[in-house]
Amino acid sequence: PASRGDWGQASRSGWALEYDLMPRMEAEQLNGLLLDDAAVEALGRAVRANGGVYRGSLVIGGTNVTTLAPLEGLREVQGSLQLMRTAVPTLRGLESLAAIGGDLEISGCDALETLEGLQGLHAVGFDVEIWYNEGLRDISPLLNLESIGGRLEWRNKELDSLQGLGSVKRIGEDLVINSENLTDVGFLGSLERVEGDGETFSNIKENGNSALQVEL
């Protein structure tokens with residue numbers, strides 16, 4: 001799958017992300033970089049014609065992307081799926097997506113309030129990185145995700161519970177959780193294996209003041 005370096009450069013300052021999404025690339029070429037709703041709609045038509053499978057990596061980015069509804073026929077992304085700085089409030093349109101062969105990254109999408117739309121996702125082949133989404137408060141739609149082949153990295157300021165990850169049984173590499181308001185990590189009880197070097201938990205608070213201790 002494509003690395004983030006293939007698609008653009010990201011820089012962090014606190015909770016802010018700024019992306020260079022390589023605007024010279026034409027979204028209409030369906031080359032995997034989609035920068036507006038028209039490109040998303042065109043991809044949806046192409047995916048439906050291909051039986052719901054996208055044989056590459058997808059980067060969907062920029063505030064001109066306001067809906068993923070045209071992707072309702074997408075069943076599998078064989079590479080990585082990255083959503084960066086979109087204006088979508090939900091992920092509706094991805095309900096049929098069951099598997100991602102590479103990474104799943106959702107970052108800098110401040111309008112995103114819920115991961116609704118990912119209810120059908122069962123497996124991610126490499127990393128799951130969900131970070132710096134200022135408005136994200138509901139991850140319960142990930143209730144069917146069972147396997148993460150790489151690392152799980154979670155950095156979201158407002159979220160207070162990771163119960164939506166309660167079906168995850170295996171994480172192939174490291175588990176990293178960083179959230180100022182997180183008080184509920186009960187999903188850890190369902191984990192059978194974390195195969196990386198270890199787990200990192202930071203800025204986790206319980207009842208707003210005391211550190212929450214977690215052991216696997």
# chains A, B, ... in the order shown; residues from 1 in each chain; ligands from 1
>>> select_by_dssp(residues="segment 100-186 of chain A", states="helix (DSSP H, G or I)", output="ChimeraX atom specification")
/A:140-144,163-165,186
>>> write_last_selection(atoms="N, CA, C and O atoms", output="PDB file, in the first residue's frame")
ATOM      1  N   SER A 140     -18.800   3.758  18.008  1.00  0.00           N
ATOM      2  CA  SER A 140     -19.543   2.505  18.157  1.00  0.00           C
ATOM      3  C   SER A 140     -19.776   1.777  16.837  1.00  0.00           C
ATOM      4  O   SER A 140     -19.905   0.545  16.840  1.00  0.00           O
ATOM      5  N   PRO A 141     -19.812   2.473  15.678  1.00  0.00           N
ATOM      6  CA  PRO A 141     -19.984   1.729  14.428  1.00  0.00           C
ATOM      7  C   PRO A 141     -18.848   0.757  14.108  1.00  0.00           C
ATOM      8  O   PRO A 141     -18.986  -0.060  13.193  1.00  0.00           O
ATOM      9  N   LEU A 142     -17.730   0.810  14.831  1.00  0.00           N
ATOM     10  CA  LEU A 142     -16.645  -0.153  14.594  1.00  0.00           C
ATOM     11  C   LEU A 142     -16.894  -1.475  15.317  1.00  0.00           C
ATOM     12  O   LEU A 142     -15.986  -2.281  15.455  1.00  0.00           O
ATOM     13  N   LEU A 143     -18.121  -1.713  15.747  1.00  0.00           N
ATOM     14  CA  LEU A 143     -18.426  -2.860  16.595  1.00  0.00           C
ATOM     15  C   LEU A 143     -18.119  -4.205  15.951  1.00  0.00           C
ATOM     16  O   LEU A 143     -18.008  -5.220  16.656  1.00  0.00           O
ATOM     17  N   ASN A 144     -17.972  -4.269  14.635  1.00  0.00           N
ATOM     18  CA  ASN A 144     -17.695  -5.548  13.977  1.00  0.00           C
ATOM     19  C   ASN A 144     -16.232  -5.729  13.578  1.00  0.00           C
ATOM     20  O   ASN A 144     -15.881  -6.750  12.994  1.00  0.00           O
ATOM     21  N   GLN A 163     -15.365   1.832  23.720  1.00  0.00           N
ATOM     22  CA  GLN A 163     -16.174   0.614  23.738  1.00  0.00           C
ATOM     23  C   GLN A 163     -16.545   0.136  22.342  1.00  0.00           C
ATOM     24  O   GLN A 163     -16.840  -1.036  22.153  1.00  0.00           O
ATOM     25  N   GLY A 164     -16.514   1.029  21.369  1.00  0.00           N
ATOM     26  CA  GLY A 164     -16.828   0.622  20.002  1.00  0.00           C
ATOM     27  C   GLY A 164     -15.838  -0.362  19.427  1.00  0.00           C
ATOM     28  O   GLY A 164     -16.104  -0.989  18.396  1.00  0.00           O
ATOM     29  N   LEU A 165     -14.685  -0.529  20.090  1.00  0.00           N
ATOM     30  CA  LEU A 165     -13.672  -1.482  19.623  1.00  0.00           C
ATOM     31  C   LEU A 165     -13.789  -2.819  20.347  1.00  0.00           C
ATOM     32  O   LEU A 165     -12.861  -3.623  20.328  1.00  0.00           O
ATOM     33  N   GLY A 186     -12.720  -0.222  28.341  1.00  0.00           N
ATOM     34  CA  GLY A 186     -13.219  -1.568  28.593  1.00  0.00           C
ATOM     35  C   GLY A 186     -13.030  -2.523  27.433  1.00  0.00           C
ATOM     36  O   GLY A 186     -13.030  -3.739  27.612  1.00  0.00           O
TER      37      GLY A 186
END
>>> residues_around(residues="Tyr132 of chain A", least_positions_apart="3", cutoff="6 Å", atoms="only C-alpha atoms", output="list of chain:residue names")
A:Trp15, A:Ser107, A:Gly108, A:Arg155, A:Asn156
>>> residues_around(residues="Glu173 of chain A", least_positions_apart="5", cutoff="7 Å", atoms="only C-alpha atoms", output="ChimeraX atom specification")
/A:150-151,194-196
>>> residues_around(residues="segment 93-102 of chain A", least_positions_apart="4", cutoff="9 Å", atoms="only C-alpha atoms", output="PyMOL selection string")
chain A and resi 1-2+52+57+67-81+116-127+145+149
>>> atom_distance(atom1="atom CA of Leu58 of chain A", atom2="atom CA of Gln82 of chain A")
6.2 Å
>>> closest_residue(among="A:Ile148, A:Cys109, A:Ile177, A:Leu188", to="Glu134 of chain A", atoms="only C-alpha atoms")
A:Cys109
>>> residues_around(residues="Val40 of chain A", least_positions_apart="3", cutoff="10 Å", atoms="only C-alpha atoms", output="MDAnalysis selection string")
chainID A and resid 27:28 30 33:37 43:46 60 65:71
>>> select_by_dssp(residues="segment 4-185 of chain A", states="strand (DSSP E)", output="PyMOL selection string")
chain A and resi 9-13+16-20+33-34+53-54+58-61+76-77+81-84+99-100+104-107+123-124+128-131+147-148+152-155+170-171+175-178
